[in-house]
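Engineer: Dropping a structure here in C-alpha cells format, bear with me for questions.
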Amino acid sequence: MATELDNSPPVEQAEPRPLFVAHLEVRWRDLDAFNHVNNSTYLTYLEEARLQWLRHVPGPWFDESSMPVLAASNLNYRQPIAWPGHLAVELFCERLGNSSITLAHRVVDAEHTDQLYCDGQVVLVWMNPTTGKPVPLPQAIRDSAADGA
C-alpha cells in the first residue's frame with residue numbers, strides 16, 4: 001500500500017499571547033555598583049507586573065479568607081539592564097492548578113521586544129491567611145487566565 005507524501009510547508013506556531021504586559025521605567029535607585037539593575041530588583045519588577053495584572057482582573061480575586069502568596073520563583077538573567085530604560089514585563093499563564101497559577105514572564109525592552117533581559121516563572125498559591133492552608137483558585141483568576149491564553 002502506497003502512502004502519500006505531505007509536501008505542504010510546515011505550519012508555524014503562533015507566539016503565545018501575553019496575559020498582561022506591564023510597562024515600567026528603570027529607576028536610578030535600581031542600579032548596583034556595576035551600574036546595571038541589581039538582580040534582586042527583577043523580583044520587584046515582576047511583583048509590580050503581577051499587581052498591575054491583578055488590578056485588571058474583573059471580579060474578586062482575594063478576600064479575608066483567600067489571598068495569593070508567592071510560592072516559587074525562577075529567573076533566568078539573560079543580559080544586564082542599564083539606566084535609563086523602558087521595560088515591558090510580559091506575563092503568560094503557563095499552568096492553572098487547584099489552588100495555584102504558574103505565570104511565565106519575559107522582561108524585555110519596551111521598544112525592542114526582541115531584546116530579552118530575563119525570563120522564567122513564578123508560582124502564586126491562594127491560601128487562607130488564618131489557617132495557612134491552600135484554597136481553591138478564584139474563578140476570576142481562572143477566567144482572566146483563560147482570556148489571556
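Residue numbers start at 1 in each chain; chains themselves are named A, B, ... in the order of the C-alpha cells; ligands are numbered from 1 in the order shown.
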Hey, what does DSSP flag as strand (DSSP E) within chain A? Can you give it to me as a ChimeraX atom specification?

Structural biologist: /A:20-25,67-77,86-96,100-109,116-127

Engineer: Write the residues you've just listed into a file as a short mmCIF file (atom, residue, chain, number, x, y, z; two decimals), in the first residue's frame, and include C-alpha atoms for each of them.

Structural biologist:
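Written file, part-v4.cif:
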```cif
data_model
loop_
_atom_site.label_atom_id
_atom_site.label_comp_id
_atom_site.auth_asym_id
_atom_site.auth_seq_id
_atom_site.Cartn_x
_atom_site.Cartn_y
_atom_site.Cartn_z
CA PHE A 20 -0.82 41.07 30.55
CA VAL A 21 2.01 43.48 29.71
CA ALA A 22 3.20 45.96 32.33
CA HIS A 23 5.30 48.95 31.31
CA LEU A 24 7.92 50.07 33.82
CA GLU A 25 10.70 52.62 33.96
CA MET A 67 -5.25 35.66 49.08
CA PRO A 68 -2.23 34.92 46.90
CA VAL A 69 1.29 34.27 48.16
CA LEU A 70 4.44 33.82 46.11
CA ALA A 71 5.41 30.15 46.44
CA ALA A 72 8.28 29.90 43.95
CA SER A 73 10.27 31.99 41.52
CA ASN A 74 12.64 31.10 38.70
CA LEU A 75 14.53 33.89 36.97
CA ASN A 76 16.93 33.45 34.07
CA TYR A 77 19.07 36.57 33.73
CA HIS A 86 11.86 51.44 29.46
CA LEU A 87 10.75 47.88 30.16
CA ALA A 88 7.83 45.69 29.22
CA VAL A 89 7.10 42.79 31.57
CA GLU A 90 5.05 40.18 29.72
CA LEU A 91 3.07 37.69 31.80
CA PHE A 92 1.78 34.39 30.41
CA CYS A 93 -0.40 31.77 32.05
CA GLU A 94 1.68 28.60 31.98
CA ARG A 95 -0.40 26.42 34.30
CA LEU A 96 -3.60 26.54 36.34
CA SER A 100 -2.18 27.88 42.17
CA ILE A 101 -1.23 29.59 38.96
CA THR A 102 2.17 29.45 37.28
CA LEU A 103 2.96 32.67 35.45
CA ALA A 104 5.74 32.69 32.90
CA HIS A 105 7.36 36.06 32.40
CA ARG A 106 9.60 37.91 29.98
CA VAL A 107 11.29 41.20 30.83
CA VAL A 108 12.12 42.93 27.56
CA ASP A 109 12.97 46.36 26.23
CA LEU A 116 15.30 39.86 26.33
CA TYR A 117 16.64 40.74 29.77
CA CYS A 118 15.03 38.00 31.84
CA ASP A 119 12.58 35.12 31.58
CA GLY A 120 11.27 32.43 33.89
CA GLN A 121 8.25 31.55 36.00
CA VAL A 122 6.63 32.33 39.32
CA VAL A 123 4.02 30.31 41.18
CA LEU A 124 1.25 32.02 43.14
CA VAL A 125 -0.77 29.94 45.59
CA TRP A 126 -4.08 31.13 47.01
CA MET A 127 -4.30 30.39 50.72
#
```

Engineer: What residues in region 47-94 of chain A get the DSSP label helix (DSSP H, G or I)? Please answer as a list in words.

Structural biologist: Glu47, Glu48, Ala49, Arg50, Leu51, Gln52, Trp53, Leu54, Arg55 and His56 of chain A

Engineer: Go ahead and dump the residues you just picked, N, CA and C atoms, as a PDB file, in the first residue's frame.

Structural biologist:
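Here's the written file out_16.pdb:
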```pdb
ATOM      1  N   GLU A  47       6.862  41.625  40.623  1.00  0.00           N
ATOM      2  CA  GLU A  47       5.784  41.886  41.589  1.00  0.00           C
ATOM      3  C   GLU A  47       4.883  43.014  41.084  1.00  0.00           C
ATOM      4  N   GLU A  48       5.475  44.077  40.605  1.00  0.00           N
ATOM      5  CA  GLU A  48       4.693  45.208  40.095  1.00  0.00           C
ATOM      6  C   GLU A  48       3.846  44.780  38.895  1.00  0.00           C
ATOM      7  N   ALA A  49       4.413  43.974  38.005  1.00  0.00           N
ATOM      8  CA  ALA A  49       3.658  43.497  36.839  1.00  0.00           C
ATOM      9  C   ALA A  49       2.467  42.642  37.285  1.00  0.00           C
ATOM     10  N   ARG A  50       2.691  41.750  38.264  1.00  0.00           N
ATOM     11  CA  ARG A  50       1.582  40.917  38.755  1.00  0.00           C
ATOM     12  C   ARG A  50       0.493  41.768  39.392  1.00  0.00           C
ATOM     13  N   LEU A  51       0.883  42.758  40.171  1.00  0.00           N
ATOM     14  CA  LEU A  51      -0.115  43.619  40.820  1.00  0.00           C
ATOM     15  C   LEU A  51      -0.894  44.429  39.791  1.00  0.00           C
ATOM     16  N   GLN A  52      -0.208  44.910  38.747  1.00  0.00           N
ATOM     17  CA  GLN A  52      -0.932  45.622  37.691  1.00  0.00           C
ATOM     18  C   GLN A  52      -1.935  44.680  37.017  1.00  0.00           C
ATOM     19  N   TRP A  53      -1.513  43.437  36.747  1.00  0.00           N
ATOM     20  CA  TRP A  53      -2.431  42.465  36.152  1.00  0.00           C
ATOM     21  C   TRP A  53      -3.625  42.218  37.073  1.00  0.00           C
ATOM     22  N   LEU A  54      -3.356  41.965  38.349  1.00  0.00           N
ATOM     23  CA  LEU A  54      -4.441  41.668  39.289  1.00  0.00           C
ATOM     24  C   LEU A  54      -5.435  42.825  39.404  1.00  0.00           C
ATOM     25  N   ARG A  55      -4.955  44.053  39.288  1.00  0.00           N
ATOM     26  CA  ARG A  55      -5.863  45.217  39.326  1.00  0.00           C
ATOM     27  C   ARG A  55      -6.818  45.211  38.145  1.00  0.00           C
ATOM     28  N   HIS A  56      -6.442  44.537  37.058  1.00  0.00           N
ATOM     29  CA  HIS A  56      -7.288  44.475  35.866  1.00  0.00           C
ATOM     30  C   HIS A  56      -8.171  43.227  35.817  1.00  0.00           C
TER      31      HIS A  56
END
```

Engineer: Sort by chain and increasing residue number a table of all residues of region 9-46 of chain A within 12 Å of region 134-146 of chain A, each with its closest pair of atoms and their distance in Å to one decimal, counting only C-alpha atoms, and write it as a tab-separated table.

Structural biologist:
```
residue	atom	partner	partner_atom	distance
A:Arg17	CA	A:Ala145	CA	11.1
A:Pro18	CA	A:Ala145	CA	9.8
A:Leu19	CA	A:Ala145	CA	6.6
A:Phe20	CA	A:Ala145	CA	9.5
```

Engineer: Measuring atom to atom with only C-alpha atoms, identify which of A:Gly85, A:Pro58, A:Pro80, A:Pro16 is nearest to His112 (chain A).

Structural biologist: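 With only C-alpha atoms as the atom set, the closest residue is A:Gly85.
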
Engineer: Would you mind reading off the distance between CA of Asn128 (chain A) and CA of Ser66 (chain A), one decimal, in Å?

Structural biologist: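 Interatomic distance here is 4.8 Å.
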
Engineer: Could you check which of A:Val26, A:Val57, A:Ala110, A:Leu43 is closest to Trp83 (chain A), using only C-alpha atoms?

Structural biologist: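 Going through A:Val26, A:Val57, A:Ala110, A:Leu43 one by one, the smallest distance to Trp83 (chain A) is for A:Val26.
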